[in-house]
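final-v2.csv (CSV, C-alpha atoms and all ligand atoms) appears below.
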```csv
chain,number,residue,atom,x,y,z
A,1181,MET,CA,0.0,0.0,0.0
A,1182,GLU,CA,1.3,3.4,-1.0
A,1183,THR,CA,0.8,6.2,1.5
A,1184,THR,CA,1.6,9.9,1.1
A,1185,GLN,CA,2.3,12.0,4.1
A,1186,ASN,CA,1.1,15.5,5.1
A,1187,ILE,CA,-1.1,16.1,2.1
A,1188,SER,CA,-3.5,18.9,1.4
A,1189,LEU,CA,-7.2,17.9,1.2
A,1190,GLN,CA,-8.2,21.0,-0.8
A,1191,ASN,CA,-8.8,19.1,-4.1
A,1192,LEU,CA,-10.4,16.1,-2.4
A,1193,HIS,CA,-13.6,17.7,-1.1
A,1194,SER,CA,-16.2,20.1,-2.6
A,1195,PHE,CA,-15.9,22.9,0.0
A,1196,GLY,CA,-12.3,23.2,-1.2
A,1197,SER,CA,-10.9,24.5,2.1
A,1198,ASN,CA,-7.3,23.9,2.7
A,1199,GLU,CA,-7.0,21.5,5.6
A,1200,LYS,CA,-4.4,18.7,5.7
A,1201,ALA,CA,-4.2,15.0,6.5
A,1202,ASN,CA,-1.3,13.2,8.1
A,1203,TYR,CA,-1.5,10.3,5.6
A,1204,PHE,CA,-3.3,9.5,2.4
A,1205,ALA,CA,-3.8,6.5,0.2
A,1206,ILE,CA,-6.1,5.3,-2.6
A,1207,ILE,CA,-8.3,2.2,-2.4
A,1208,ASP,CA,-8.8,0.6,-5.8
A,1209,SER,CA,-9.5,-3.0,-4.8
A,1210,ILE,CA,-11.0,-5.2,-2.2
A,1211,GLU,CA,-7.6,-6.2,-1.0
A,1212,ALA,CA,-6.6,-2.5,-0.6
A,1213,ILE,CA,-9.4,-2.1,1.9
A,1214,GLU,CA,-8.1,-4.9,4.1
A,1215,LYS,CA,-4.4,-3.7,3.8
A,1216,SER,CA,-5.2,-0.1,4.6
A,1217,ILE,CA,-7.2,-0.9,7.7
A,1218,GLN,CA,-4.5,-3.3,8.8
A,1219,TRP,CA,-2.0,-0.5,8.3
A,1220,ALA,CA,-4.1,2.0,10.3
A,1221,LYS,CA,-4.6,-0.5,13.1
A,1222,GLU,CA,-0.9,-1.2,13.3
A,1223,LYS,CA,-0.1,2.5,13.5
A,1224,ASN,CA,-3.0,3.0,15.9
A,1225,THR,CA,-4.2,5.9,13.7
A,1226,PRO,CA,-7.8,6.9,12.9
A,1227,TYR,CA,-8.9,6.5,9.3
A,1228,LEU,CA,-11.6,8.2,7.1
A,1229,ILE,CA,-13.0,7.1,3.8
A,1230,LEU,CA,-13.6,9.7,1.2
A,1231,GLY,CA,-15.6,9.3,-2.0
A,1232,SER,CA,-15.6,12.5,-3.9
A,1233,GLY,CA,-15.9,14.5,-0.7
A,1234,THR,CA,-19.2,16.2,-1.5
A,1235,ASN,CA,-20.8,15.9,1.9
A,1236,ILE,CA,-18.0,16.6,4.3
A,1237,LEU,CA,-16.5,19.7,6.0
A,1238,PHE,CA,-13.0,19.6,7.4
A,1239,THR,CA,-12.5,22.1,10.3
A,1240,LYS,CA,-8.9,21.0,11.2
A,1241,THR,CA,-6.0,18.8,10.2
A,1242,PHE,CA,-7.2,15.1,10.0
A,1243,GLU,CA,-4.7,13.4,12.3
A,1244,GLY,CA,-4.8,10.1,10.6
A,1245,LEU,CA,-5.2,8.2,7.3
A,1246,VAL,CA,-7.5,9.5,4.6
A,1247,LEU,CA,-8.5,6.7,2.1
A,1248,LYS,CA,-9.9,7.7,-1.2
A,1249,MET,CA,-12.4,5.1,-2.5
A,1250,GLU,CA,-11.7,4.3,-6.2
A,1251,ILE,CA,-13.2,0.8,-6.6
A,1252,LEU,CA,-14.9,0.9,-10.0
A,1253,GLY,CA,-17.1,-1.3,-12.2
A,1254,ILE,CA,-20.7,-1.8,-13.1
A,1255,LYS,CA,-21.7,-5.5,-13.4
A,1256,LYS,CA,-25.0,-7.0,-14.4
A,1257,LEU,CA,-25.8,-9.7,-11.8
A,1258,LYS,CA,-29.1,-11.0,-13.3
A,1259,GLU,CA,-32.0,-9.9,-15.4
A,1260,THR,CA,-35.6,-11.0,-15.3
A,1261,ALA,CA,-38.6,-10.0,-17.5
A,1262,SER,CA,-39.2,-7.0,-15.4
A,1263,GLU,CA,-36.0,-6.2,-13.4
A,1264,VAL,CA,-32.3,-5.8,-13.8
A,1265,PHE,CA,-29.8,-6.4,-10.9
A,1266,LEU,CA,-26.5,-4.5,-11.0
A,1267,GLU,CA,-23.5,-4.5,-8.7
A,1268,VAL,CA,-21.7,-1.2,-8.7
A,1269,GLY,CA,-18.2,-0.4,-7.3
A,1270,ALA,CA,-18.2,2.1,-4.4
A,1271,GLY,CA,-15.9,4.5,-6.2
A,1272,GLU,CA,-18.1,4.9,-9.3
A,1273,ASN,CA,-19.4,8.4,-9.8
A,1274,TRP,CA,-23.1,8.5,-8.8
A,1275,HIS,CA,-24.3,10.6,-11.8
A,1276,HIS,CA,-22.4,8.4,-14.3
A,1277,PHE,CA,-24.2,5.4,-12.8
A,1278,VAL,CA,-27.6,7.1,-13.1
A,1279,ILE,CA,-26.9,8.1,-16.8
A,1280,TYR,CA,-25.8,4.5,-17.5
A,1281,CYS,CA,-29.2,3.3,-16.3
A,1282,VAL,CA,-31.1,6.1,-18.0
A,1283,GLN,CA,-29.4,5.3,-21.4
A,1284,LYS,CA,-30.6,1.6,-21.0
A,1285,GLY,CA,-34.1,2.8,-20.2
A,1286,TRP,CA,-34.0,1.2,-16.7
A,1287,GLY,CA,-36.0,3.1,-14.1
A,1288,GLY,CA,-35.4,3.7,-10.4
A,1289,VAL,CA,-32.6,6.3,-10.1
A,1290,GLU,CA,-33.6,8.9,-12.7
A,1291,ASN,CA,-35.0,11.3,-10.0
A,1292,LEU,CA,-31.6,11.2,-8.4
A,1293,SER,CA,-29.7,12.5,-11.5
A,1294,LEU,CA,-26.9,15.0,-10.9
A,1295,ILE,CA,-26.5,14.4,-7.2
A,1296,PRO,CA,-22.7,14.8,-6.6
A,1297,GLY,CA,-20.7,12.0,-5.0
A,1298,THR,CA,-19.9,8.4,-5.3
A,1299,VAL,CA,-22.1,5.2,-5.4
A,1300,GLY,CA,-20.5,4.0,-2.1
A,1301,ALA,CA,-21.5,7.2,-0.4
A,1302,ALA,CA,-25.2,7.0,-1.5
A,1303,PRO,CA,-26.4,4.4,1.1
A,1304,ILE,CA,-24.5,6.1,3.9
A,1305,GLN,CA,-26.7,9.2,4.1
A,1306,ASN,CA,-29.4,7.5,1.9
A,1307,ILE,CA,-29.3,10.3,-0.7
A,1308,GLY,CA,-32.7,11.6,-1.8
A,1309,ALA,CA,-34.4,14.1,-4.1
A,1310,TYR,CA,-37.7,14.7,-5.8
A,1311,GLY,CA,-39.6,12.0,-3.9
A,1312,VAL,CA,-37.1,9.2,-4.3
A,1313,GLU,CA,-34.4,7.9,-1.9
A,1314,ALA,CA,-31.4,5.7,-2.7
A,1315,LYS,CA,-33.0,3.0,-0.5
A,1316,ASP,CA,-35.9,2.6,-2.9
A,1317,CYS,CA,-33.6,0.8,-5.4
A,1318,ILE,CA,-30.9,-0.6,-3.3
A,1319,GLU,CA,-31.1,-4.4,-3.0
A,1320,SER,CA,-28.1,-4.8,-0.7
A,1321,VAL,CA,-24.7,-3.3,0.3
A,1322,THR,CA,-21.4,-5.1,0.6
A,1323,ALA,CA,-18.9,-3.7,3.1
A,1324,PHE,CA,-15.8,-4.6,5.1
A,1325,ASP,CA,-16.8,-4.8,8.7
A,1326,THR,CA,-13.7,-3.4,10.6
A,1327,HIS,CA,-14.9,-4.9,13.9
A,1328,THR,CA,-14.7,-8.5,12.5
A,1329,ALA,CA,-12.3,-7.9,9.6
A,1330,GLN,CA,-14.8,-9.7,7.3
A,1331,PHE,CA,-16.7,-8.6,4.2
A,1332,ILE,CA,-20.5,-8.8,4.7
A,1333,THR,CA,-23.5,-8.2,2.5
A,1334,LEU,CA,-26.4,-6.4,4.3
A,1335,GLN,CA,-29.8,-6.7,2.7
A,1336,ASN,CA,-31.8,-3.5,2.4
A,1337,SER,CA,-33.9,-4.1,5.5
A,1338,GLU,CA,-30.7,-4.6,7.5
A,1339,CYS,CA,-29.2,-1.2,6.5
A,1340,GLY,CA,-31.2,0.9,8.9
A,1341,PHE,CA,-32.2,3.4,6.2
A,1342,GLY,CA,-34.0,6.6,7.2
A,1343,TYR,CA,-34.2,10.2,6.1
A,1344,ARG,CA,-30.5,11.0,5.3
A,1345,THR,CA,-29.3,8.3,7.6
A,1346,SER,CA,-28.4,4.6,7.7
A,1347,LEU,CA,-26.5,2.1,9.8
A,1348,PHE,CA,-23.3,3.2,7.9
A,1349,LYS,CA,-23.8,6.8,9.1
A,1350,ILE,CA,-24.7,5.9,12.7
A,1351,GLU,CA,-21.8,3.4,13.1
A,1352,LYS,CA,-19.3,5.9,11.6
A,1353,SER,CA,-16.1,4.2,10.5
A,1354,ARG,CA,-17.2,0.7,11.2
A,1355,TYR,CA,-18.2,-0.3,7.7
A,1356,ILE,CA,-16.2,0.4,4.5
A,1357,ILE,CA,-18.6,0.0,1.6
A,1358,SER,CA,-17.0,-1.8,-1.4
A,1359,SER,CA,-20.0,-2.2,-3.7
A,1360,VAL,CA,-23.8,-1.6,-3.8
A,1361,GLN,CA,-26.3,-3.9,-5.5
A,1362,PHE,CA,-29.2,-2.2,-7.2
A,1363,VAL,CA,-32.5,-3.4,-8.6
A,1364,LEU,CA,-33.8,-1.4,-11.6
A,1365,GLN,CA,-37.2,-1.6,-13.3
A,1366,LYS,CA,-37.7,-2.3,-17.0
A,1367,GLN,CA,-41.3,-1.0,-16.9
A,1368,PRO,CA,-40.8,1.7,-14.3
A,1369,ILE,CA,-43.5,3.6,-12.4
A,1370,PHE,CA,-42.5,7.2,-12.8
A,1371,ARG,CA,-42.4,9.5,-9.8
A,1372,THR,CA,-43.4,12.9,-11.1
A,1373,ASP,CA,-45.4,14.3,-8.1
A,1374,TYR,CA,-42.7,16.8,-7.2
A,1375,GLY,CA,-44.0,20.2,-8.4
A,1376,ALA,CA,-41.0,21.3,-10.3
A,1377,ILE,CA,-40.7,18.0,-12.2
A,1378,LYS,CA,-44.4,18.2,-13.3
A,1379,GLU,CA,-43.8,21.8,-14.4
A,1380,VAL,CA,-40.7,21.1,-16.5
A,1381,LEU,CA,-42.4,18.0,-18.1
A,1382,HIS,CA,-45.5,20.2,-18.8
A,1383,GLN,CA,-43.4,23.0,-20.4
A,1384,LYS,CA,-41.7,20.4,-22.6
A,1385,ASN,CA,-45.1,19.0,-23.5
A,1386,ASN,CA,-44.0,15.6,-22.3
A,1387,LYS,CA,-47.3,13.7,-21.9
A,1388,GLN,CA,-45.7,10.3,-21.8
A,1389,PRO,CA,-42.8,10.7,-19.3
A,1390,SER,CA,-39.8,8.5,-19.9
A,1391,VAL,CA,-36.8,7.7,-17.7
A,1392,GLU,CA,-34.8,10.1,-19.9
A,1393,ALA,CA,-37.3,12.9,-19.8
A,1394,ILE,CA,-37.4,12.8,-16.0
A,1395,SER,CA,-33.6,12.7,-15.7
A,1396,ASN,CA,-33.4,15.7,-18.0
A,1397,ALA,CA,-36.0,17.6,-16.0
A,1398,VAL,CA,-34.1,16.9,-12.8
A,1399,ILE,CA,-30.8,18.0,-14.3
A,1400,GLN,CA,-32.5,21.2,-15.4
A,1401,ILE,CA,-34.1,21.9,-12.0
A,1402,ARG,CA,-30.9,21.1,-10.1
A,1403,SER,CA,-28.7,23.2,-12.4
A,1404,GLU,CA,-31.0,26.2,-12.0
A,1405,LYS,CA,-31.3,26.0,-8.3
A,1406,LEU,CA,-28.1,24.5,-6.8
A,1407,PRO,CA,-24.6,25.7,-7.2
A,1408,ASP,CA,-22.1,23.5,-9.2
A,1409,PRO,CA,-19.5,22.4,-6.7
A,1410,LYS,CA,-16.8,22.6,-9.4
A,1411,LYS,CA,-17.5,26.4,-9.7
A,1412,LEU,CA,-18.5,27.3,-6.2
A,1413,GLY,CA,-17.5,25.4,-3.0
A,1414,ASN,CA,-20.5,23.7,-1.4
A,1415,ALA,CA,-21.9,20.4,-0.2
A,1416,GLY,CA,-25.5,20.6,-1.2
A,1417,SER,CA,-28.0,20.9,1.6
A,1418,PHE,CA,-26.0,21.8,4.7
A,1419,PHE,CA,-28.8,21.0,7.1
A,1420,LYS,CA,-31.5,18.4,7.4
A,1421,ASN,CA,-35.2,19.3,7.2
A,1422,PRO,CA,-36.3,19.0,10.9
A,1423,THR,CA,-39.2,17.0,12.1
A,1424,ILE,CA,-41.4,18.4,14.9
A,1425,THR,CA,-44.6,17.3,16.7
A,1426,LYS,CA,-48.0,18.2,15.4
A,1427,ASP,CA,-48.7,20.2,18.6
A,1428,PHE,CA,-45.6,22.3,18.1
A,1429,PHE,CA,-46.4,22.7,14.4
A,1430,GLU,CA,-49.8,24.1,15.3
A,1431,ILE,CA,-48.3,26.7,17.6
A,1432,LEU,CA,-45.7,27.7,14.9
A,1433,ILE,CA,-48.1,27.9,12.0
A,1434,ALA,CA,-50.4,30.2,13.9
A,1435,LYS,CA,-47.5,32.5,14.4
A,1436,PHE,CA,-45.9,32.0,10.9
A,1437,PRO,CA,-48.7,31.2,8.5
A,1438,LYS,CA,-46.4,31.1,5.5
A,1439,MET,CA,-44.1,28.4,7.0
A,1440,ILE,CA,-43.6,25.4,4.7
A,1441,ALA,CA,-44.3,22.1,6.2
A,1442,TYR,CA,-45.5,18.6,5.3
A,1443,PRO,CA,-47.2,16.0,7.5
A,1444,ILE,CA,-45.0,12.9,8.0
A,1445,THR,CA,-47.1,10.8,10.4
A,1446,ASP,CA,-50.4,11.5,12.3
A,1447,ASP,CA,-48.4,13.5,14.8
A,1448,THR,CA,-45.3,14.7,13.1
A,1449,TYR,CA,-44.5,17.4,10.5
A,1450,LYS,CA,-41.4,18.0,8.5
A,1451,ILE,CA,-40.4,21.6,8.1
A,1452,ALA,CA,-38.6,23.1,5.1
A,1453,ALA,CA,-35.3,24.2,6.8
A,1454,GLY,CA,-34.6,26.4,3.7
A,1455,TRP,CA,-37.7,28.4,4.6
A,1456,LEU,CA,-36.7,28.8,8.3
A,1457,ILE,CA,-33.3,30.0,7.3
A,1458,GLU,CA,-34.6,32.4,4.7
A,1459,ALA,CA,-37.2,33.8,7.3
A,1460,CYS,CA,-34.2,34.6,9.5
A,1461,GLY,CA,-32.8,36.8,6.8
A,1462,TRP,CA,-29.9,34.6,5.7
A,1463,LYS,CA,-30.7,34.0,2.0
A,1464,GLY,CA,-27.9,35.6,-0.1
A,1465,ILE,CA,-25.9,36.9,2.9
A,1466,GLN,CA,-22.1,36.7,2.7
A,1467,LYS,CA,-19.7,37.0,5.6
A,1468,GLY,CA,-16.0,36.9,4.8
A,1469,ASN,CA,-15.4,33.8,2.6
A,1470,VAL,CA,-18.7,32.1,3.3
A,1471,GLY,CA,-22.3,32.7,2.4
A,1472,CYS,CA,-25.9,31.4,2.3
A,1473,TYR,CA,-26.7,30.6,-1.3
A,1474,GLU,CA,-28.9,33.2,-3.0
A,1475,LYS,CA,-31.2,30.6,-4.6
A,1476,GLN,CA,-31.5,28.0,-1.9
A,1477,SER,CA,-30.9,28.9,1.8
A,1478,LEU,CA,-30.2,25.3,2.8
A,1479,VAL,CA,-26.9,25.5,0.9
A,1480,ILE,CA,-23.8,27.1,2.4
A,1481,VAL,CA,-21.3,28.3,-0.2
A,1482,HIS,CA,-17.5,28.9,0.1
A,1483,TYR,CA,-16.5,31.8,-2.1
A,1484,ASN,CA,-12.9,32.2,-1.5
A,1485,ASN,CA,-10.0,30.4,0.1
A,1486,GLY,CA,-11.1,30.5,3.7
A,1487,PRO,CA,-10.5,27.8,6.4
A,1488,GLY,CA,-13.2,25.1,7.0
A,1489,ILE,CA,-13.7,26.4,10.5
A,1490,GLU,CA,-15.0,29.7,9.1
A,1491,ILE,CA,-17.7,27.6,7.2
A,1492,TYR,CA,-18.5,25.8,10.4
A,1493,ASN,CA,-18.8,29.0,12.4
A,1494,PHE,CA,-21.1,30.5,9.8
A,1495,SER,CA,-23.4,27.4,10.0
A,1496,GLU,CA,-23.4,27.8,13.8
A,1497,GLU,CA,-24.7,31.3,13.5
A,1498,ILE,CA,-27.5,30.1,11.3
A,1499,ILE,CA,-28.4,27.4,13.8
A,1500,GLN,CA,-28.5,29.9,16.6
A,1501,SER,CA,-30.7,32.4,14.8
A,1502,VAL,CA,-33.2,29.7,13.7
A,1503,LEU,CA,-33.2,28.4,17.3
A,1504,ALA,CA,-33.9,31.9,18.7
A,1505,LYS,CA,-36.7,32.7,16.2
A,1506,PHE,CA,-38.4,29.3,15.9
A,1507,GLU,CA,-37.1,27.2,18.9
A,1508,ILE,CA,-36.0,24.5,16.4
A,1509,LEU,CA,-32.5,23.1,16.6
A,1510,LEU,CA,-31.3,22.4,13.0
A,1511,GLU,CA,-29.1,19.4,12.5
A,1512,ARG,CA,-26.2,19.4,10.1
A,1513,GLU,CA,-26.6,17.0,7.2
A,1514,VAL,CA,-22.9,17.5,6.2
A,1515,VAL,CA,-20.4,15.3,8.1
A,1516,ILE,CA,-18.0,17.4,10.2
A,1517,TYR,CA,-14.4,16.5,10.8
B,1601,LIG,N1,-37.6,27.0,0.4
B,1601,LIG,C1,-37.6,28.4,0.8
B,1601,LIG,N2,-36.5,29.1,0.9
B,1601,LIG,C2,-35.3,28.5,0.5
B,1601,LIG,C3,-35.2,27.1,0.2
B,1601,LIG,C4,-36.4,26.4,0.1
B,1601,LIG,O1,-38.7,28.9,1.1
B,1601,LIG,O2,-34.3,29.2,0.6
B,1601,LIG,C5,-38.8,26.3,0.3
B,1601,LIG,C6,-39.1,25.9,-1.1
B,1601,LIG,O3,-39.8,27.0,-1.8
B,1601,LIG,C7,-40.0,24.7,-1.0
B,1601,LIG,C8,-39.5,24.1,0.3
B,1601,LIG,O4,-38.7,25.1,1.0
B,1601,LIG,O5,-41.3,25.0,-0.8
B,1601,LIG,C9,-38.6,22.9,0.0
B,1601,LIG,O6,-37.5,23.3,-0.9
B,1601,LIG,P1,-36.9,22.3,-2.0
B,1601,LIG,O7,-37.9,21.7,-2.8
B,1601,LIG,O8,-35.8,23.1,-2.7
B,1601,LIG,O9,-36.2,21.2,-1.1
B,1601,LIG,P2,-35.4,21.2,0.2
B,1601,LIG,O10,-36.3,20.5,1.3
B,1601,LIG,O11,-34.9,22.5,0.5
B,1601,LIG,C10,-34.6,18.7,-0.1
B,1601,LIG,C11,-33.3,18.0,-0.1
B,1601,LIG,C12,-32.4,18.3,-1.3
B,1601,LIG,C13,-33.2,17.9,-2.6
B,1601,LIG,C14,-34.6,18.6,-2.6
B,1601,LIG,C15,-35.5,18.2,-3.7
B,1601,LIG,C16,-32.8,17.8,2.3
B,1601,LIG,C17,-31.9,18.3,3.4
B,1601,LIG,N3,-32.5,18.4,1.1
B,1601,LIG,O12,-34.3,20.1,-0.1
B,1601,LIG,O13,-31.3,17.5,-1.3
B,1601,LIG,O14,-32.5,18.1,-3.8
B,1601,LIG,O15,-35.3,18.4,-1.3
B,1601,LIG,O16,-36.1,17.0,-3.4
B,1601,LIG,O17,-33.6,17.0,2.5
B,1601,LIG,C18,-29.0,17.5,-0.6
B,1601,LIG,O18,-29.3,16.7,0.3
B,1601,LIG,O19,-27.8,17.9,-0.7
B,1601,LIG,C19,-30.0,18.1,-1.4
B,1601,LIG,C20,-29.8,19.1,-2.3
```
As structure tokens:
Amino acid sequence: METTQNISLQNLHSFGSNEKANYFAIIDSIEAIEKSIQWAKEKNTPYLILGSGTNILFTKTFEGLVLKMEILGIKKLKETASEVFLEVGAGENWHHFVIYCVQKGWGGVENLSLIPGTVGAAPIQNIGAYGVEAKDCIESVTAFDTHTAQFITLQNSECGFGYRTSLFKIEKSRYIISSVQFVLQKQPIFRTDYGAIKEVLHQKNNKQPSVEAISNAVIQIRSEKLPDPKKLGNAGSFFKNPTITKDFFEILIAKFPKMIAYPITDDTYKIAAGWLIEACGWKGIQKGNVGCYEKQSLVIVHYNNGPGIEIYNFSEEIIQSVLAKFEILLEREVVIY
């Protein structure tokens, strides 16, 4: 295993702040996972797996080994009259995988077009957009369990999937995902309920939606609303949409009738965190090197070459102002190191 010492992480994550790591290595095979963990254990040093670093914020030097996941490959496992089963390497780019499926006309992941990141990162926070989550088409996940030093395959029901969470996020560092198995549909049921998708399909006069038309609509919506991390440092939504009780929702909606919220269960509501942040006056505000994105308040952007801690402090100011105005404690979606 080849390790580099004292490297800059700047080009390895989408906020682009210039923190460092003590050690760095690339993982491009199953064997490399075992060797790297062995190496870290022998040196008694912490490790961290990076995909394309699009949901992470470094606030200081990582005193340990950063491992960049580059296991590639898309393999067809089996095909039936209605479904296709694929195994995809954890290091594959998520959007490339989506486009691969779209081009074949296989449905399931088209609503998740243009989400930055890798396939191996998708189950960790159960990425989601426009009414679909990764868990909806994941069959199983294969990972190296560092507690037992064995590879295991967890079925969907064993992965603890929830809104932007999973077993892999809760048990941080325990599992190193090597591949994800997906099930795709040959006669897909299209999910076009999300307002903006309906609108774009309507504008384009697409009466018979297809996997491709939905993917293109999502690409258009995301490109218009979310900053491209290649051009402006960001990690997508910085916070999660909070869930509150129905009783509390009723108190808040009486005070703030324009607040955007959706019922989740009989007694819980999900609140649009972007609306809360905008209502606190943050939309488009820049302080130093950091800002709240002008088109979507849930996104924190890094304009210049500031340190990660400045981004973190800015997010803390947002949290405190939302807490003061609404008594809601926002949780970060982005993983902080
Ligand atoms: N809104 C505002 N002001 C804002 C932002 C949003 O009023 O500054 C309102 C919108 O008008 C809308 C509601 O809040 O009525 C929800 O906004 P949007 O549809 O943009 O979605 P979101 O809840 O802000 C979530 C995901 C996104 C995903 C979109 C679309 C989370 C944390 N974020 O955002 O995911 O693309 O839905 O499904 O759940 C990501 O995780 O990185 C991400 C971009």
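Proximity ranking of A:Ser1395, A:Asn1469, A:Asn1306, A:Ser1495 relative to ligand LIG 1601 (chain B) places A:Asn1306 first, based on all atoms listed in the file.
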Margin query: Under the rule that all atoms listed in the file are counted, which of A:Val1515, A:Leu1292, A:Ala1393, A:Leu1347 is the nearest residue to ligand LIG 1601 (chain B)?
Written below: A:Leu1292
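Residues of protein, DNA and RNA with at least one atom no farther than 10 Å from (-33.9, 9.9, 0.5) are, using all atoms listed in the file, A:Leu1292, A:Ala1302, A:Pro1303, A:Gln1305, A:Asn1306, A:Ile1307, A:Gly1308, A:Ala1309, A:Tyr1310, A:Gly1311, A:Val1312, A:Glu1313, A:Ala1314, A:Lys1315, A:Asp1316, A:Phe1341, A:Gly1342, A:Tyr1343, A:Arg1344, A:Thr1345.
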What are the closest atom pairs, with distances in Å to one decimal, for all residues of chain A lying within 7 Å of ligand LIG 1601 (chain B)? Consider only C-alpha atoms and all ligand atoms, order rows by chain and residue number, and present the result as a Markdown table.
```
| residue | atom | partner | partner_atom | distance |
| --- | --- | --- | --- | --- |
| A:Ile1307 | CA | B:LIG1601 | O18 | 6.5 |
| A:Gly1308 | CA | B:LIG1601 | O13 | 6.1 |
| A:Ala1309 | CA | B:LIG1601 | O16 | 3.4 |
| A:Tyr1310 | CA | B:LIG1601 | O16 | 3.7 |
| A:Gly1311 | CA | B:LIG1601 | O16 | 6.1 |
| A:Ala1415 | CA | B:LIG1601 | O19 | 6.4 |
| A:Gly1416 | CA | B:LIG1601 | O19 | 3.6 |
| A:Ser1417 | CA | B:LIG1601 | O19 | 3.8 |
| A:Phe1418 | CA | B:LIG1601 | O19 | 6.9 |
| A:Phe1419 | CA | B:LIG1601 | C17 | 5.5 |
| A:Lys1420 | CA | B:LIG1601 | C17 | 4.0 |
| A:Asn1421 | CA | B:LIG1601 | C17 | 5.1 |
| A:Ile1440 | CA | B:LIG1601 | O5 | 6.0 |
| A:Ala1452 | CA | B:LIG1601 | O4 | 4.6 |
| A:Ala1453 | CA | B:LIG1601 | O11 | 6.5 |
| A:Gly1454 | CA | B:LIG1601 | C3 | 3.6 |
| A:Trp1455 | CA | B:LIG1601 | O1 | 3.7 |
| A:Ile1457 | CA | B:LIG1601 | O2 | 6.8 |
| A:Glu1458 | CA | B:LIG1601 | O2 | 5.2 |
| A:Lys1463 | CA | B:LIG1601 | O2 | 6.2 |
| A:Lys1475 | CA | B:LIG1601 | O2 | 6.2 |
| A:Gln1476 | CA | B:LIG1601 | O2 | 3.9 |
| A:Ser1477 | CA | B:LIG1601 | O2 | 3.6 |
| A:Leu1478 | CA | B:LIG1601 | C3 | 5.9 |
| A:Glu1513 | CA | B:LIG1601 | C17 | 6.6 |
```
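If you count all atoms listed in the file and ignore residues fewer than 2 places along the chain from Glu1496 of chain A, what sits within 12 Å of it is Phe1418, Phe1419, Ile1480, Ile1489, Glu1490, Ile1491, Tyr1492, Asn1493, Phe1494, Ile1498, Ile1499, Gln1500, Ser1501, Val1502, Leu1503, Leu1509, Leu1510, Glu1511 and Arg1512 of chain A.
Going from atom CA of Ser1320 of chain A over to atom CA of Ile1332 of chain A, you cover 10.1 Å.
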Report as a PDB file with C-alpha atoms, in the frame of the given file all protein, DNA and RNA residues lying within 10 Å of Glu1250 of chain A, evaluated on only C-alpha atoms, omitting residues in the same chain fewer than 5 positions from it.
```
ATOM      1  CA  ILE A1206      -6.100   5.300  -2.600  1.00  0.00           C
ATOM      2  CA  ILE A1207      -8.300   2.200  -2.400  1.00  0.00           C
ATOM      3  CA  ASP A1208      -8.800   0.600  -5.800  1.00  0.00           C
ATOM      4  CA  SER A1209      -9.500  -3.000  -4.800  1.00  0.00           C
ATOM      5  CA  LEU A1230     -13.600   9.700   1.200  1.00  0.00           C
ATOM      6  CA  GLY A1231     -15.600   9.300  -2.000  1.00  0.00           C
ATOM      7  CA  SER A1232     -15.600  12.500  -3.900  1.00  0.00           C
ATOM      8  CA  GLY A1269     -18.200  -0.400  -7.300  1.00  0.00           C
ATOM      9  CA  ALA A1270     -18.200   2.100  -4.400  1.00  0.00           C
ATOM     10  CA  GLY A1271     -15.900   4.500  -6.200  1.00  0.00           C
ATOM     11  CA  GLU A1272     -18.100   4.900  -9.300  1.00  0.00           C
ATOM     12  CA  ASN A1273     -19.400   8.400  -9.800  1.00  0.00           C
ATOM     13  CA  THR A1298     -19.900   8.400  -5.300  1.00  0.00           C
ATOM     14  CA  GLY A1300     -20.500   4.000  -2.100  1.00  0.00           C
ATOM     15  CA  SER A1358     -17.000  -1.800  -1.400  1.00  0.00           C
TER      16      SER A1358
END
```
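Relative to atom CA of Ala1301 of chain A, atom CA of Glu1222 of chain A is found at 26.1 Å.
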